[in-house]
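Below is run.cif, holding mmCIF, C-alpha atoms and all ligand atoms.
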```cif
data_input
loop_
_atom_site.group_PDB
_atom_site.id
_atom_site.type_symbol
_atom_site.label_atom_id
_atom_site.label_comp_id
_atom_site.auth_asym_id
_atom_site.auth_seq_id
_atom_site.Cartn_x
_atom_site.Cartn_y
_atom_site.Cartn_z
ATOM 1 C CA MET A 23 -41.739 0.249 67.426
ATOM 2 C CA LYS A 24 -44.177 -2.644 67.751
ATOM 3 C CA ASN A 25 -47.630 -3.145 66.275
ATOM 4 C CA VAL A 26 -47.151 -0.493 63.590
ATOM 5 C CA ALA A 27 -47.011 -1.185 59.868
ATOM 6 C CA PHE A 28 -46.139 1.286 57.108
ATOM 7 C CA ILE A 29 -47.727 0.819 53.671
ATOM 8 C CA ILE A 30 -45.802 2.787 51.081
ATOM 9 C CA ASN A 31 -47.247 3.502 47.634
ATOM 10 C CA PRO A 32 -44.282 3.869 45.258
ATOM 11 C CA PHE A 33 -46.561 5.454 42.596
ATOM 12 C CA SER A 34 -47.837 8.405 44.664
ATOM 13 C CA ALA A 35 -47.000 11.995 43.645
ATOM 14 C CA ASN A 36 -43.329 12.280 42.648
ATOM 15 C CA LYS A 37 -42.703 8.522 42.958
ATOM 16 C CA ASN A 38 -39.792 9.104 45.301
ATOM 17 C CA TYR A 39 -40.343 7.187 48.503
ATOM 18 C CA GLN A 40 -36.694 6.277 49.192
ATOM 19 C CA PRO A 41 -35.911 9.380 51.325
ATOM 20 C CA PHE A 42 -38.954 8.598 53.485
ATOM 21 C CA LEU A 43 -37.886 4.959 53.878
ATOM 22 C CA ALA A 44 -34.296 5.969 54.691
ATOM 23 C CA SER A 45 -35.474 8.362 57.456
ATOM 24 C CA LEU A 46 -37.839 5.723 58.812
ATOM 25 C CA GLN A 47 -35.080 3.118 58.972
ATOM 26 C CA LYS A 48 -32.811 5.645 60.671
ATOM 27 C CA GLN A 49 -35.370 6.448 63.368
ATOM 28 C CA ILE A 50 -36.812 2.990 63.976
ATOM 29 C CA GLU A 51 -35.018 -0.293 64.288
ATOM 30 C CA ASP A 52 -36.320 -2.811 61.788
ATOM 31 C CA PRO A 53 -39.660 -1.134 60.945
ATOM 32 C CA CYS A 54 -42.457 -3.233 59.483
ATOM 33 C CA PHE A 55 -43.074 -1.799 56.032
ATOM 34 C CA TYR A 56 -44.503 -2.840 52.692
ATOM 35 C CA ILE A 57 -43.860 -1.272 49.294
ATOM 36 C CA SER A 58 -47.244 -1.743 47.654
ATOM 37 C CA GLU A 59 -47.354 -2.689 43.988
ATOM 38 C CA SER A 60 -51.185 -2.665 43.846
ATOM 39 C CA THR A 61 -54.327 -2.159 45.911
ATOM 40 C CA ALA A 62 -54.702 -5.966 45.965
ATOM 41 C CA GLY A 63 -51.178 -6.167 47.408
ATOM 42 C CA THR A 64 -52.147 -3.680 50.139
ATOM 43 C CA GLU A 65 -55.251 -5.708 50.899
ATOM 44 C CA LYS A 66 -53.244 -8.902 51.302
ATOM 45 C CA PHE A 67 -50.558 -7.206 53.397
ATOM 46 C CA ILE A 68 -53.186 -5.834 55.807
ATOM 47 C CA GLN A 69 -54.904 -9.213 56.080
ATOM 48 C CA ASP A 70 -51.597 -10.994 56.718
ATOM 49 C CA ASN A 71 -50.563 -8.496 59.405
ATOM 50 C CA PHE A 72 -53.971 -7.679 60.843
ATOM 51 C CA ASP A 73 -53.713 -9.461 64.192
ATOM 52 C CA SER A 74 -50.208 -8.236 64.999
ATOM 53 C CA THR A 75 -50.784 -4.587 64.035
ATOM 54 C CA ASP A 76 -52.629 -1.798 65.876
ATOM 55 C CA ILE A 77 -51.752 1.136 63.619
ATOM 56 C CA PHE A 78 -51.519 1.004 59.822
ATOM 57 C CA VAL A 79 -49.693 3.998 58.344
ATOM 58 C CA ALA A 80 -50.576 4.870 54.742
ATOM 59 C CA VAL A 81 -47.683 6.571 52.954
ATOM 60 C CA GLY A 82 -49.179 8.107 49.821
ATOM 61 C CA GLY A 83 -52.042 10.202 48.501
ATOM 62 C CA ASP A 84 -55.792 9.950 48.985
ATOM 63 C CA GLY A 85 -56.024 6.858 46.759
ATOM 64 C CA THR A 86 -53.521 4.996 48.937
ATOM 65 C CA ILE A 87 -55.133 6.162 52.168
ATOM 66 C CA SER A 88 -58.518 5.046 50.897
ATOM 67 C CA SER A 89 -57.163 1.603 49.942
ATOM 68 C CA VAL A 90 -55.823 1.168 53.487
ATOM 69 C CA ALA A 91 -58.901 2.670 55.194
ATOM 70 C CA LYS A 92 -61.160 0.213 53.354
ATOM 71 C CA GLN A 93 -59.666 -2.649 55.372
ATOM 72 C CA LEU A 94 -59.930 -0.817 58.699
ATOM 73 C CA ILE A 95 -63.584 0.310 58.613
ATOM 74 C CA ASN A 96 -65.479 -0.725 61.738
ATOM 75 C CA THR A 97 -62.513 -2.635 63.175
ATOM 76 C CA GLY A 98 -60.379 -1.788 66.216
ATOM 77 C CA LYS A 99 -57.417 -0.850 64.016
ATOM 78 C CA VAL A 100 -56.186 2.731 63.654
ATOM 79 C CA LEU A 101 -55.224 4.609 60.487
ATOM 80 C CA ALA A 102 -52.271 7.008 60.391
ATOM 81 C CA ILE A 103 -50.884 8.900 57.403
ATOM 82 C CA PHE A 104 -47.626 10.172 56.039
ATOM 83 C CA PRO A 105 -48.861 12.425 53.195
ATOM 84 C CA ALA A 106 -47.044 11.676 49.945
ATOM 85 C CA GLY A 107 -49.677 12.402 47.289
ATOM 86 C CA SER A 108 -50.100 15.282 44.891
ATOM 87 C CA GLY A 109 -53.330 16.658 46.395
ATOM 88 C CA ASN A 110 -53.274 15.313 49.963
ATOM 89 C CA GLY A 111 -56.854 16.438 50.597
ATOM 90 C CA PHE A 112 -57.651 13.918 53.321
ATOM 91 C CA SER A 113 -54.352 14.303 55.181
ATOM 92 C CA ASN A 114 -54.636 18.101 55.119
ATOM 93 C CA GLU A 115 -58.062 17.733 56.718
ATOM 94 C CA THR A 116 -56.964 15.241 59.358
ATOM 95 C CA ASN A 117 -53.839 17.124 60.457
ATOM 96 C CA PHE A 118 -51.102 14.867 59.143
ATOM 97 C CA THR A 119 -47.935 16.581 57.939
ATOM 98 C CA LYS A 120 -44.748 15.514 56.177
ATOM 99 C CA ASN A 121 -42.883 15.666 59.476
ATOM 100 C CA LEU A 122 -41.830 12.104 60.376
ATOM 101 C CA ASP A 123 -40.720 13.025 63.935
ATOM 102 C CA GLU A 124 -44.169 14.444 64.607
ATOM 103 C CA LEU A 125 -45.819 11.300 63.227
ATOM 104 C CA LEU A 126 -43.674 8.990 65.378
ATOM 105 C CA ILE A 127 -44.619 10.988 68.504
ATOM 106 C CA LYS A 128 -48.297 10.611 67.602
ATOM 107 C CA ILE A 129 -47.822 6.883 67.011
ATOM 108 C CA LYS A 130 -46.229 6.486 70.462
ATOM 109 C CA ALA A 131 -49.137 8.360 72.078
ATOM 110 C CA LYS A 132 -51.639 6.082 70.267
ATOM 111 C CA THR A 133 -54.501 8.555 70.724
ATOM 112 C CA PHE A 134 -57.219 8.289 68.125
ATOM 113 C CA ARG A 135 -60.666 9.599 67.234
ATOM 114 C CA GLU A 136 -63.499 8.136 65.221
ATOM 115 C CA ILE A 137 -64.607 9.806 62.006
ATOM 116 C CA ASP A 138 -67.317 9.277 59.402
ATOM 117 C CA THR A 139 -66.766 7.746 55.985
ATOM 118 C CA PHE A 140 -69.388 7.107 53.313
ATOM 119 C CA LYS A 141 -70.409 4.717 50.574
ATOM 120 C CA VAL A 142 -71.242 5.363 46.929
ATOM 121 C CA ASN A 143 -73.332 2.256 46.250
ATOM 122 C CA ASP A 144 -71.016 -0.533 47.452
ATOM 123 C CA ARG A 145 -67.756 1.485 47.327
ATOM 124 C CA LEU A 146 -66.062 3.337 50.150
ATOM 125 C CA SER A 147 -65.066 6.986 50.114
ATOM 126 C CA ILE A 148 -63.211 8.810 52.868
ATOM 127 C CA ASN A 149 -62.717 12.284 51.411
ATOM 128 C CA VAL A 150 -64.527 13.750 48.374
ATOM 129 C CA SER A 151 -66.066 11.779 45.513
ATOM 130 C CA GLY A 152 -68.047 12.998 42.565
ATOM 131 C CA THR A 153 -69.423 12.700 39.092
ATOM 132 C CA GLY A 154 -69.811 14.941 36.073
ATOM 133 C CA PHE A 155 -67.118 17.342 35.030
ATOM 134 C CA ASP A 156 -64.505 16.293 37.567
ATOM 135 C CA GLY A 157 -65.279 12.568 37.127
ATOM 136 C CA LYS A 158 -64.420 13.115 33.467
ATOM 137 C CA VAL A 159 -61.341 15.201 34.342
ATOM 138 C CA VAL A 160 -60.000 12.427 36.592
ATOM 139 C CA LYS A 161 -60.620 9.871 33.802
ATOM 140 C CA GLN A 162 -58.503 11.938 31.357
ATOM 141 C CA PHE A 163 -55.976 12.903 34.046
ATOM 142 C CA GLU A 164 -55.189 9.236 34.817
ATOM 143 C CA LYS A 165 -53.982 8.887 31.206
ATOM 144 C CA THR A 166 -51.313 11.576 31.799
ATOM 145 C CA SER A 167 -48.215 11.624 33.999
ATOM 146 C CA ARG A 168 -50.431 13.359 36.656
ATOM 147 C CA GLY A 169 -49.280 16.443 38.628
ATOM 148 C CA PHE A 170 -51.072 19.748 39.310
ATOM 149 C CA LYS A 171 -50.150 21.299 35.933
ATOM 150 C CA ASN A 172 -51.714 18.404 34.000
ATOM 151 C CA TYR A 173 -54.780 18.627 36.226
ATOM 152 C CA ILE A 174 -55.363 22.290 35.329
ATOM 153 C CA LYS A 175 -54.638 21.647 31.615
ATOM 154 C CA ILE A 176 -57.124 18.747 31.447
ATOM 155 C CA SER A 177 -59.727 20.713 33.460
ATOM 156 C CA VAL A 178 -59.725 23.639 31.022
ATOM 157 C CA ALA A 179 -59.773 21.381 27.936
ATOM 158 C CA THR A 180 -62.627 19.274 29.374
ATOM 159 C CA PHE A 181 -64.619 22.386 30.339
ATOM 160 C CA PHE A 182 -65.061 23.561 26.743
ATOM 161 C CA ASN A 183 -66.627 20.406 25.352
ATOM 162 C CA TYR A 184 -68.450 19.200 28.412
ATOM 163 C CA LYS A 185 -72.128 18.193 28.264
ATOM 164 C CA PRO A 186 -73.881 18.628 31.657
ATOM 165 C CA ILE A 187 -75.117 15.549 33.515
ATOM 166 C CA ASN A 188 -78.759 15.033 34.425
ATOM 167 C CA VAL A 189 -79.611 14.247 38.048
ATOM 168 C CA LYS A 190 -82.988 13.049 39.370
ATOM 169 C CA PHE A 191 -83.629 12.512 43.075
ATOM 170 C CA SER A 192 -85.823 9.739 44.503
ATOM 171 C CA ALA A 193 -87.145 11.557 47.585
ATOM 172 C CA GLU A 194 -89.916 14.126 47.108
ATOM 173 C CA GLU A 195 -88.104 16.686 49.319
ATOM 174 C CA PHE A 196 -85.171 16.888 46.874
ATOM 175 C CA LYS A 197 -87.061 16.772 43.576
ATOM 176 C CA ARG A 198 -86.879 20.566 43.215
ATOM 177 C CA HIS A 199 -83.137 20.041 42.670
ATOM 178 C CA ASP A 200 -83.653 17.667 39.716
ATOM 179 C CA GLY A 201 -81.856 19.040 36.664
ATOM 180 C CA ASP A 202 -78.668 19.436 34.633
ATOM 181 C CA TYR A 203 -75.366 19.987 36.397
ATOM 182 C CA LEU A 204 -71.742 20.573 35.521
ATOM 183 C CA MET A 205 -70.722 18.376 38.448
ATOM 184 C CA VAL A 206 -71.949 16.810 41.644
ATOM 185 C CA ASN A 207 -69.601 16.158 44.528
ATOM 186 C CA ILE A 208 -70.116 14.340 47.787
ATOM 187 C CA ALA A 209 -67.869 15.671 50.523
ATOM 188 C CA ASN A 210 -66.941 14.091 53.842
ATOM 189 C CA THR A 211 -64.127 16.607 54.414
ATOM 190 C CA ARG A 212 -63.963 20.184 53.151
ATOM 191 C CA GLN A 213 -61.410 19.821 50.370
ATOM 192 C CA PHE A 214 -60.518 17.889 47.226
ATOM 193 C CA GLY A 215 -56.817 18.429 47.901
ATOM 194 C CA ASN A 216 -54.373 21.226 47.070
ATOM 195 C CA ASN A 217 -56.504 23.344 49.470
ATOM 196 C CA ALA A 218 -59.448 23.483 47.046
ATOM 197 C CA TYR A 219 -62.383 23.728 49.466
ATOM 198 C CA ILE A 220 -65.453 22.363 47.665
ATOM 199 C CA ALA A 221 -67.512 22.130 50.889
ATOM 200 C CA PRO A 222 -66.210 24.646 53.453
ATOM 201 C CA HIS A 223 -68.785 23.566 56.064
ATOM 202 C CA ALA A 224 -68.246 19.812 55.829
ATOM 203 C CA SER A 225 -67.321 17.958 59.005
ATOM 204 C CA THR A 226 -66.048 14.395 59.452
ATOM 205 C CA VAL A 227 -67.889 13.972 62.750
ATOM 206 C CA ASP A 228 -71.433 15.188 62.032
ATOM 207 C CA GLY A 229 -72.875 11.988 60.542
ATOM 208 C CA LEU A 230 -73.542 13.883 57.297
ATOM 209 C CA VAL A 231 -72.033 14.415 53.871
ATOM 210 C CA GLU A 232 -72.309 17.654 51.913
ATOM 211 C CA MET A 233 -73.702 17.054 48.454
ATOM 212 C CA VAL A 234 -72.504 19.917 46.261
ATOM 213 C CA LEU A 235 -74.527 20.508 43.079
ATOM 214 C CA VAL A 236 -72.836 22.833 40.608
ATOM 215 C CA LYS A 237 -74.633 24.150 37.503
ATOM 216 C CA LYS A 238 -72.779 24.797 34.266
ATOM 217 C CA PHE A 239 -71.284 28.285 34.202
ATOM 218 C CA THR A 240 -69.205 30.391 31.840
ATOM 219 C CA LEU A 241 -65.414 30.303 32.059
ATOM 220 C CA ILE A 242 -65.427 33.696 33.844
ATOM 221 C CA GLN A 243 -67.920 32.403 36.412
ATOM 222 C CA GLY A 244 -65.725 29.309 36.619
ATOM 223 C CA ALA A 245 -62.766 31.486 37.572
ATOM 224 C CA ALA A 246 -64.853 33.098 40.355
ATOM 225 C CA PHE A 247 -65.900 29.612 41.495
ATOM 226 C CA ALA A 248 -62.256 28.478 41.605
ATOM 227 C CA PHE A 249 -61.257 31.641 43.503
ATOM 228 C CA ARG A 250 -63.956 30.955 46.111
ATOM 229 C CA MET A 251 -62.843 27.327 46.409
ATOM 230 C CA PHE A 252 -59.244 28.299 47.098
ATOM 231 C CA THR A 253 -60.264 30.999 49.602
ATOM 232 C CA LYS A 254 -62.691 28.723 51.524
ATOM 233 C CA THR A 255 -65.559 31.066 50.645
ATOM 234 C CA LEU A 256 -67.721 28.921 48.370
ATOM 235 C CA LYS A 257 -71.376 29.487 49.233
ATOM 236 C CA GLU A 258 -74.845 28.859 47.815
ATOM 237 C CA ASN A 259 -75.851 30.987 44.850
ATOM 238 C CA ALA A 260 -77.620 30.545 41.498
ATOM 239 C CA TYR A 261 -74.989 27.961 40.485
ATOM 240 C CA VAL A 262 -74.150 26.184 43.718
ATOM 241 C CA THR A 263 -76.413 24.172 46.065
ATOM 242 C CA PHE A 264 -75.369 22.311 49.215
ATOM 243 C CA LEU A 265 -77.437 19.450 50.635
ATOM 244 C CA SER A 266 -76.337 18.148 54.069
ATOM 245 C CA VAL A 267 -77.615 14.592 54.308
ATOM 246 C CA PRO A 268 -76.938 11.268 56.097
ATOM 247 C CA GLU A 269 -77.988 9.440 52.939
ATOM 248 C CA ILE A 270 -79.514 10.236 49.557
ATOM 249 C CA THR A 271 -80.556 8.405 46.375
ATOM 250 C CA PHE A 272 -80.576 9.712 42.801
ATOM 251 C CA THR A 273 -80.114 8.716 39.188
ATOM 252 C CA VAL A 274 -77.467 10.240 36.957
ATOM 253 C CA ASP A 275 -76.877 9.722 33.226
ATOM 254 C CA THR A 276 -73.155 8.957 33.417
ATOM 255 C CA LYS A 277 -71.007 6.186 34.885
ATOM 256 C CA ASP A 278 -67.905 8.384 35.230
ATOM 257 C CA TRP A 279 -67.096 8.907 38.912
ATOM 258 C CA HIS A 280 -64.017 9.702 40.906
ATOM 259 C CA LEU A 281 -63.782 8.220 44.395
ATOM 260 C CA ASP A 282 -61.241 10.165 46.448
ATOM 261 C CA GLY A 283 -59.630 11.224 43.176
ATOM 262 C CA GLU A 284 -59.490 7.729 41.611
ATOM 263 C CA TYR A 285 -61.534 7.044 38.478
ATOM 264 C CA ASN A 286 -64.390 4.532 38.956
ATOM 265 C CA GLU A 287 -67.225 3.400 36.702
ATOM 266 C CA ILE A 288 -70.438 3.264 38.743
ATOM 267 C CA ASP A 289 -73.916 2.336 37.522
ATOM 268 C CA SER A 290 -76.876 4.560 38.340
ATOM 269 C CA PRO A 291 -79.042 4.685 40.501
ATOM 270 C CA ILE A 292 -76.674 5.984 43.140
ATOM 271 C CA HIS A 293 -77.168 5.530 46.857
ATOM 272 C CA ILE A 294 -74.946 7.609 49.114
ATOM 273 C CA LYS A 295 -74.810 6.569 52.759
ATOM 274 C CA VAL A 296 -72.724 7.904 55.636
ATOM 275 C CA LEU A 297 -71.030 5.310 57.861
ATOM 276 C CA PRO A 298 -70.899 7.315 61.083
ATOM 277 C CA LYS A 299 -67.743 7.056 63.224
ATOM 278 C CA SER A 300 -66.568 4.114 61.132
ATOM 279 C CA LEU A 301 -62.843 4.925 60.910
ATOM 280 C CA LYS A 302 -60.387 5.223 63.796
ATOM 281 C CA ILE A 303 -57.721 7.761 62.972
ATOM 282 C CA LEU A 304 -54.636 8.821 64.898
ATOM 283 C CA ILE A 305 -54.622 12.366 66.330
HETATM 284 N N1 LIG B 1 -52.457 0.678 47.949
HETATM 285 C C1 LIG B 1 -51.988 0.975 46.740
HETATM 286 N N2 LIG B 1 -50.924 0.329 46.240
HETATM 287 C C2 LIG B 1 -50.419 0.619 45.027
HETATM 288 N N3 LIG B 1 -50.949 1.553 44.208
HETATM 289 C C3 LIG B 1 -52.010 2.236 44.646
HETATM 290 C C4 LIG B 1 -52.584 1.982 45.934
HETATM 291 N N4 LIG B 1 -53.619 2.838 46.113
HETATM 292 C C5 LIG B 1 -53.703 3.581 44.989
HETATM 293 N N5 LIG B 1 -52.737 3.228 44.102
HETATM 294 C C6 LIG B 1 -52.446 3.832 42.767
HETATM 295 O O1 LIG B 1 -51.328 4.723 42.956
HETATM 296 C C7 LIG B 1 -51.465 5.936 42.192
HETATM 297 C C8 LIG B 1 -51.252 7.146 43.082
HETATM 298 O O2 LIG B 1 -52.284 7.219 44.048
HETATM 299 P P1 LIG B 1 -52.429 8.259 45.236
HETATM 300 O O3 LIG B 1 -53.826 8.749 45.234
HETATM 301 O O4 LIG B 1 -51.962 7.650 46.490
HETATM 302 O O5 LIG B 1 -51.421 9.430 44.905
HETATM 303 P P2 LIG B 1 -51.644 10.790 44.165
HETATM 304 O O6 LIG B 1 -52.678 10.614 43.109
HETATM 305 O O7 LIG B 1 -50.303 11.266 43.784
HETATM 306 O O8 LIG B 1 -52.184 11.743 45.346
HETATM 307 P P3 LIG B 1 -53.589 12.467 45.660
HETATM 308 O O9 LIG B 1 -54.672 11.433 45.591
HETATM 309 O O10 LIG B 1 -53.418 13.036 47.050
HETATM 310 O O11 LIG B 1 -53.726 13.530 44.620
HETATM 311 C C9 LIG B 1 -52.839 5.835 41.552
HETATM 312 O O12 LIG B 1 -52.659 5.457 40.208
HETATM 313 C C10 LIG B 1 -53.563 4.738 42.284
HETATM 314 O O13 LIG B 1 -54.472 4.018 41.496
#
```
For the file at hand, write its structure as structure tokens.
Amino acid sequence: MKNVAFIINPFSANKNYQPFLASLQKQIEDPCFYISESTAGTEKFIQDNFDSTDIFVAVGGDGTISSVAKQLINTGKVLAIFPAGSGNGFSNETNFTKNLDELLIKIKAKTFREIDTFKVNDRLSINVSGTGFDGKVVKQFEKTSRGFKNYIKISVATFFNYKPINVKFSAEEFKRHDGDYLMVNIANTRQFGNNAYIAPHASTVDGLVEMVLVKKFTLIQGAAFAFRMFTKTLKENAYVTFLSVPEITFTVDTKDWHLDGEYNEIDSPIHIKVLPKSLKILI
């Protein structure tokens, strides 16, 4: 299989990439692959193999996919995914499964489509990024051994001593939404991962992101919110507001963000901007 490179993150999810690599080597003679020790390593690998590769396959979770996508934005190169993360939000939303045979058929067909991505100031996001409660949760979560159980544990603990963030919009039309929020998320796709649908109406081809503003609620209301997220039925109410926008600017009194589930420190003011049809992705 020519012009295809596999970038494997050995730290994703259960840190067990060997079975994937063994199947790959069984199915393809001498595949081009790279076991990535860091995002800088991935960057260098893509640069070194850029001219000879048409399809870069990210083997990992949303963080890995994002680190590969970053290098492919607005180029002729195509992204493919073998989901190997714990949440797999982006791969769930772009129809990639853990079936290697299926992936190899898609790679042979080489059919792709163009989807939107977006920027948070100067940083790229492909899936869902946010600040506030879940920015803080991701910060604490990265200090643990990860996994869904730790995520829930940290979420509940963070909830009880969490001080809402203050958001102020620049444009007059959004100023009525200025105020204190539990969290603010910016969604390109519908879900965080683990089928938690934070923005059930988001689309990767509409040139817009869904900004989801969530006010602080009680734990009981939080349970209802979680139920609606997992049943794809989250809608606007006294606690939840959706803004569908191609770009938006605001200030926020925290630097704690997660970009596609990875903790980032970002200075306010924040400028969100959609990069329409900027990423070619295998279908
Ligand atoms: N290209 C890369 N090479 C090496 N390590 C990476 C790369 N991209 C991200 N990482 C690191 O690998 C770890 C796992 O990231 P990743 O998001 O892929 O998996 P996950 O967190 O298990 O899955 P998900 O994001 O779907 O929940 C993170 O600590 C991240 O910082």
Selection near Lys99 in chain A, 7 Å with only C-alpha atoms, sequence-local residues under 2 positions removed, as a PyMOL selection string: chain A and resi 76-77+94+97+101+302
Enumerate, in order of chain and increasing residue number, the residues of chain A with an atom no farther than 8 Å from ligand LIG 1 (chain B), each with its shortest atom pair and distance in Å to one decimal, counting all atoms listed in the file, as JSON lines.
```
{"residue": "A:Ile29", "atom": "CA", "partner": "B:LIG1", "partner_atom": "N1", "distance": 7.4}
{"residue": "A:Ile30", "atom": "CA", "partner": "B:LIG1", "partner_atom": "N2", "distance": 7.5}
{"residue": "A:Asn31", "atom": "CA", "partner": "B:LIG1", "partner_atom": "C2", "distance": 5.0}
{"residue": "A:Pro32", "atom": "CA", "partner": "B:LIG1", "partner_atom": "C2", "distance": 6.9}
{"residue": "A:Phe33", "atom": "CA", "partner": "B:LIG1", "partner_atom": "O1", "distance": 4.8}
{"residue": "A:Ser34", "atom": "CA", "partner": "B:LIG1", "partner_atom": "O5", "distance": 3.7}
{"residue": "A:Ala35", "atom": "CA", "partner": "B:LIG1", "partner_atom": "O7", "distance": 3.4}
{"residue": "A:Asn36", "atom": "CA", "partner": "B:LIG1", "partner_atom": "O7", "distance": 7.1}
{"residue": "A:Ile57", "atom": "CA", "partner": "B:LIG1", "partner_atom": "N2", "distance": 7.9}
{"residue": "A:Ser58", "atom": "CA", "partner": "B:LIG1", "partner_atom": "N2", "distance": 4.5}
{"residue": "A:Glu59", "atom": "CA", "partner": "B:LIG1", "partner_atom": "C2", "distance": 4.6}
{"residue": "A:Ser60", "atom": "CA", "partner": "B:LIG1", "partner_atom": "C2", "distance": 3.6}
{"residue": "A:Thr61", "atom": "CA", "partner": "B:LIG1", "partner_atom": "N1", "distance": 4.0}
{"residue": "A:Ala62", "atom": "CA", "partner": "B:LIG1", "partner_atom": "N1", "distance": 7.3}
{"residue": "A:Gly63", "atom": "CA", "partner": "B:LIG1", "partner_atom": "N2", "distance": 6.6}
{"residue": "A:Thr64", "atom": "CA", "partner": "B:LIG1", "partner_atom": "N1", "distance": 4.9}
{"residue": "A:Glu65", "atom": "CA", "partner": "B:LIG1", "partner_atom": "N1", "distance": 7.6}
{"residue": "A:Val81", "atom": "CA", "partner": "B:LIG1", "partner_atom": "O4", "distance": 7.8}
{"residue": "A:Gly82", "atom": "CA", "partner": "B:LIG1", "partner_atom": "O4", "distance": 4.4}
{"residue": "A:Gly83", "atom": "CA", "partner": "B:LIG1", "partner_atom": "O4", "distance": 3.3}
{"residue": "A:Asp84", "atom": "CA", "partner": "B:LIG1", "partner_atom": "O9", "distance": 3.9}
{"residue": "A:Gly85", "atom": "CA", "partner": "B:LIG1", "partner_atom": "O3", "distance": 3.3}
{"residue": "A:Thr86", "atom": "CA", "partner": "B:LIG1", "partner_atom": "N4", "distance": 3.6}
{"residue": "A:Ile87", "atom": "CA", "partner": "B:LIG1", "partner_atom": "O4", "distance": 6.7}
{"residue": "A:Ser88", "atom": "CA", "partner": "B:LIG1", "partner_atom": "N4", "distance": 7.2}
{"residue": "A:Ser89", "atom": "CA", "partner": "B:LIG1", "partner_atom": "N1", "distance": 5.2}
{"residue": "A:Val90", "atom": "CA", "partner": "B:LIG1", "partner_atom": "N1", "distance": 6.5}
{"residue": "A:Pro105", "atom": "CA", "partner": "B:LIG1", "partner_atom": "O10", "distance": 7.7}
{"residue": "A:Ala106", "atom": "CA", "partner": "B:LIG1", "partner_atom": "O8", "distance": 6.9}
{"residue": "A:Gly107", "atom": "CA", "partner": "B:LIG1", "partner_atom": "O8", "distance": 3.2}
{"residue": "A:Ser108", "atom": "CA", "partner": "B:LIG1", "partner_atom": "O11", "distance": 4.0}
{"residue": "A:Gly109", "atom": "CA", "partner": "B:LIG1", "partner_atom": "O11", "distance": 3.6}
{"residue": "A:Asn110", "atom": "CA", "partner": "B:LIG1", "partner_atom": "O10", "distance": 3.7}
{"residue": "A:Gly111", "atom": "CA", "partner": "B:LIG1", "partner_atom": "O10", "distance": 6.0}
{"residue": "A:Phe112", "atom": "CA", "partner": "B:LIG1", "partner_atom": "O10", "distance": 7.6}
{"residue": "A:Glu164", "atom": "CA", "partner": "B:LIG1", "partner_atom": "O12", "distance": 7.1}
{"residue": "A:Arg168", "atom": "CA", "partner": "B:LIG1", "partner_atom": "O6", "distance": 7.4}
{"residue": "A:Gly169", "atom": "CA", "partner": "B:LIG1", "partner_atom": "O7", "distance": 7.4}
{"residue": "A:Gly215", "atom": "CA", "partner": "B:LIG1", "partner_atom": "O10", "distance": 6.4}
{"residue": "A:Asp282", "atom": "CA", "partner": "B:LIG1", "partner_atom": "O9", "distance": 6.7}
{"residue": "A:Gly283", "atom": "CA", "partner": "B:LIG1", "partner_atom": "O9", "distance": 5.5}
{"residue": "A:Glu284", "atom": "CA", "partner": "B:LIG1", "partner_atom": "O13", "distance": 6.2}
```
From the options A:Tyr184, A:Phe155, A:Phe272, A:Phe134, which residue's atoms come nearest to Leu301 in chain A, counting only C-alpha atoms?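 Smallest separation from Leu301 in chain A among the options: A:Phe134.
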From the list A:Ala224, A:Ser167, A:Ala218, A:Val189, which residue is nearest Lys37 in chain A when using all atoms listed in the file?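 Nearest to Lys37 in chain A: A:Ser167.
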Taking into account all atoms listed in the file, which residue in the set A:Glu136, A:Asp202, A:Glu269, A:Asp275 is nearest to Lys295 in chain A? A:Glu269
Using only C-alpha atoms, determine which residues lie at most 8 Å from Ile220 in chain A, disregarding the query and same-chain residues fewer than 2 positions distant; provide the list as a ChimeraX atom specification. /A:209,212-214,218,222,234,251,254,256
Written as a PyMOL selection string, which residues does the PyMOL selection byres (((chain A and resi 204) around 8) and not hetatm) give for the file shown? chain A and resi 154-155+184-187+202-203+205-206+236-239
Would you kindly return, as a ChimeraX atom specification, each protein, DNA or RNA residue with an atom no farther than 7 Å from any atom of Leu297 in chain A, considering all atoms listed in the file and excluding same-chain residues fewer than 4 positions away? /A:138-140
Give the answer as one residue: which of A:Ser177, A:Asn217, A:Thr133, A:Thr263 has the shortest atom-to-atom distance to Phe196 in chain A, using all atoms listed in the file? A:Thr263
So what does the PyMOL selection byres (((chain A and resi 162) around 10) and not hetatm) actually pick up in this one, as a list in words? Asp156, Gly157, Lys158, Val159, Val160, Lys161, Phe163, Glu164, Lys165, Thr166, Arg168, Asn172, Tyr173, Ile176, Ser177, Thr180 and Tyr285 of chain A
Please produce a file of those selected residues containing C-alpha atoms, as an mmCIF file, in the frame of the given file.
```cif
data_model
loop_
_atom_site.group_PDB
_atom_site.id
_atom_site.type_symbol
_atom_site.label_atom_id
_atom_site.label_comp_id
_atom_site.auth_asym_id
_atom_site.auth_seq_id
_atom_site.Cartn_x
_atom_site.Cartn_y
_atom_site.Cartn_z
ATOM 1 C CA ASP A 156 -64.505 16.293 37.567
ATOM 2 C CA GLY A 157 -65.279 12.568 37.127
ATOM 3 C CA LYS A 158 -64.420 13.115 33.467
ATOM 4 C CA VAL A 159 -61.341 15.201 34.342
ATOM 5 C CA VAL A 160 -60.000 12.427 36.592
ATOM 6 C CA LYS A 161 -60.620 9.871 33.802
ATOM 7 C CA PHE A 163 -55.976 12.903 34.046
ATOM 8 C CA GLU A 164 -55.189 9.236 34.817
ATOM 9 C CA LYS A 165 -53.982 8.887 31.206
ATOM 10 C CA THR A 166 -51.313 11.576 31.799
ATOM 11 C CA ARG A 168 -50.431 13.359 36.656
ATOM 12 C CA ASN A 172 -51.714 18.404 34.000
ATOM 13 C CA TYR A 173 -54.780 18.627 36.226
ATOM 14 C CA ILE A 176 -57.124 18.747 31.447
ATOM 15 C CA SER A 177 -59.727 20.713 33.460
ATOM 16 C CA THR A 180 -62.627 19.274 29.374
ATOM 17 C CA TYR A 285 -61.534 7.044 38.478
#
```
